[in-house]
Structures are given as C-alpha cells and as structure tokens.
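Each remark here refers to the structure printed beneath this line.
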Amino acid sequence: MKSKMNTWTAIFNIINCVMLFISWFVVIAQAVSSNGDSSSATFFYIFTWIGVVLNILSFYYAKQLNISVVGAVLGIIGSLLSGLSMIFAFPSIVLLIIAVVFEFLQKPAKGANDAK
C-alpha cells in the first residue's frame, strides 16, 4: 500500500532542497548589505521546520502502513540539520535528495509479512 503522505513529503523535500540552495545567496546578499534585518533567514528556518513536521508525520504513516522508514528518517535528519543552523545547508540538501528517492520508492518494510 502506498502512502500519499510520503509522496507529498517527498515533493516538499524537493522544494526544500531548492529553498536551501537559494538561502545561500540570500544570506550572503544580506551579509554584504548588513542591514540587520533577519526576516529572510526566519522565512527559511520556518520552511525547514515545516519539513521536520512533515517528515515526522511521514515516519508515523510509514510505520502504520509497514512501509520502509528510511526516507522519513533521512528527511527528519536533513531537515533538523538545516533547522538548527543554515551552516548545514549542503549536508541537508544531500540527505533530503536521498530521502526523496526512498520516499518515492515506498518499499515494504523489512520483515513485513503480506499474509492475509
């Protein structure tokens, strides 16, 4: 059985990767202009923490449906890294890309029985 939550979380993680990539340029531009306004950084942090919540929900639904949780766990770790500090944006992007692949695959969990 496929989980729509995993699919939508994977799509959000793709968007999150793009946002993390864009955040580098925004943060650098903000540092150069040094106007002291941190509203753009706040936007990226909020976006990342929404990803954490979605990946936790994806983990829950994957456990309920006996789907592999590898994608959700990688998504949680990737989102948490960038949620803690934007210094970790690059590792977060890598983890989120791998998470997207596993979340789209939605293979049955190891040891899951299809006995009816």
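Here, A, B, ... name the chains of the structure tokens in the order displayed, residue numbers run from 1 inside each chain, and ligands are numbered from 1 in the same displayed order.
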
Shell around range 12-18 of chain A at 12 Å using only C-alpha atoms, local window under 2 positions removed, as number ranges by chain: A: 5-10, 20-25, 43-55, 58, 71-72, 74-79, 82-83, 89-104

What would the file look like if the residues just selected were written as a compact mmCIF listing (two decimals), in the first residue's frame with C-alpha atoms?
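File selection.txt, as written:
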```
# COMPACT_ATOMS: atom_id res chain seq x y z
CA MET A 5 1.82 11.43 2.94
CA ASN A 6 5.18 10.02 1.83
CA THR A 7 4.62 11.27 -1.71
CA TRP A 8 3.67 14.79 -0.62
CA THR A 9 6.53 14.91 1.88
CA ALA A 10 8.94 13.88 -0.89
CA LEU A 20 18.10 25.68 0.91
CA PHE A 21 20.12 26.32 -2.24
CA ILE A 22 18.52 29.75 -2.65
CA SER A 23 19.13 30.53 1.03
CA TRP A 24 22.89 30.66 0.46
CA PHE A 25 22.55 33.55 -1.96
CA PHE A 43 11.45 32.51 6.39
CA PHE A 44 13.98 29.78 5.54
CA TYR A 45 14.00 28.45 9.11
CA ILE A 46 10.19 28.27 9.22
CA PHE A 47 10.19 26.46 5.88
CA THR A 48 12.74 23.97 7.19
CA TRP A 49 10.85 23.30 10.43
CA ILE A 50 7.68 22.64 8.43
CA GLY A 51 9.78 19.97 6.70
CA VAL A 52 10.68 18.46 10.06
CA VAL A 53 6.99 18.18 11.00
CA LEU A 54 6.04 16.69 7.61
CA ASN A 55 8.84 14.13 7.80
CA SER A 58 5.57 10.67 7.09
CA GLY A 71 13.26 8.09 3.63
CA ALA A 72 11.39 9.63 6.53
CA LEU A 74 16.76 10.78 6.42
CA GLY A 75 14.26 13.57 5.84
CA ILE A 76 13.98 14.23 9.56
CA ILE A 77 17.77 14.33 9.96
CA GLY A 78 18.24 16.53 6.89
CA SER A 79 15.54 18.98 7.92
CA SER A 82 19.30 22.93 8.45
CA GLY A 83 16.72 23.84 11.10
CA ALA A 89 22.55 23.53 4.29
CA PHE A 90 24.74 21.45 1.97
CA PRO A 91 24.60 18.23 4.01
CA SER A 92 20.86 18.81 4.41
CA ILE A 93 20.41 19.05 0.65
CA VAL A 94 22.27 15.77 0.15
CA LEU A 95 20.26 13.98 2.84
CA LEU A 96 16.97 15.35 1.53
CA ILE A 97 17.71 14.21 -2.02
CA ILE A 98 18.40 10.68 -0.77
CA ALA A 99 15.26 10.87 1.39
CA VAL A 100 13.19 11.85 -1.65
CA VAL A 101 14.32 8.74 -3.52
CA PHE A 102 13.37 6.44 -0.65
CA GLU A 103 10.08 8.23 0.00
CA PHE A 104 9.04 7.86 -3.64
```

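With only C-alpha atoms as the atoms that count, the residue of A:Met1, A:Met86, A:Val73, A:Ile28 with the shortest distance to Pro108 in chain A is A:Met1.
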
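Relative to CA of Phe88 in chain A, CA of Val70 in chain A is found at 20.3 Å.
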
Suppose you want the space between CA of Ala29 in chain A and CA of Leu80 in chain A; what is it in Å?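 So the two atoms, CA of Ala29 in chain A and CA of Leu80 in chain A, lie 24.1 Å apart.
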
Chain A: residues DSSP assigns to helix (DSSP H, G or I), reported as an MDAnalysis selection string: chainID A and resid 4:33 39:64 70:84 86:105

Just how far from CA of Leu81 in chain A is CA of Val69 in chain A, in Å to one decimal? 18.3 Å
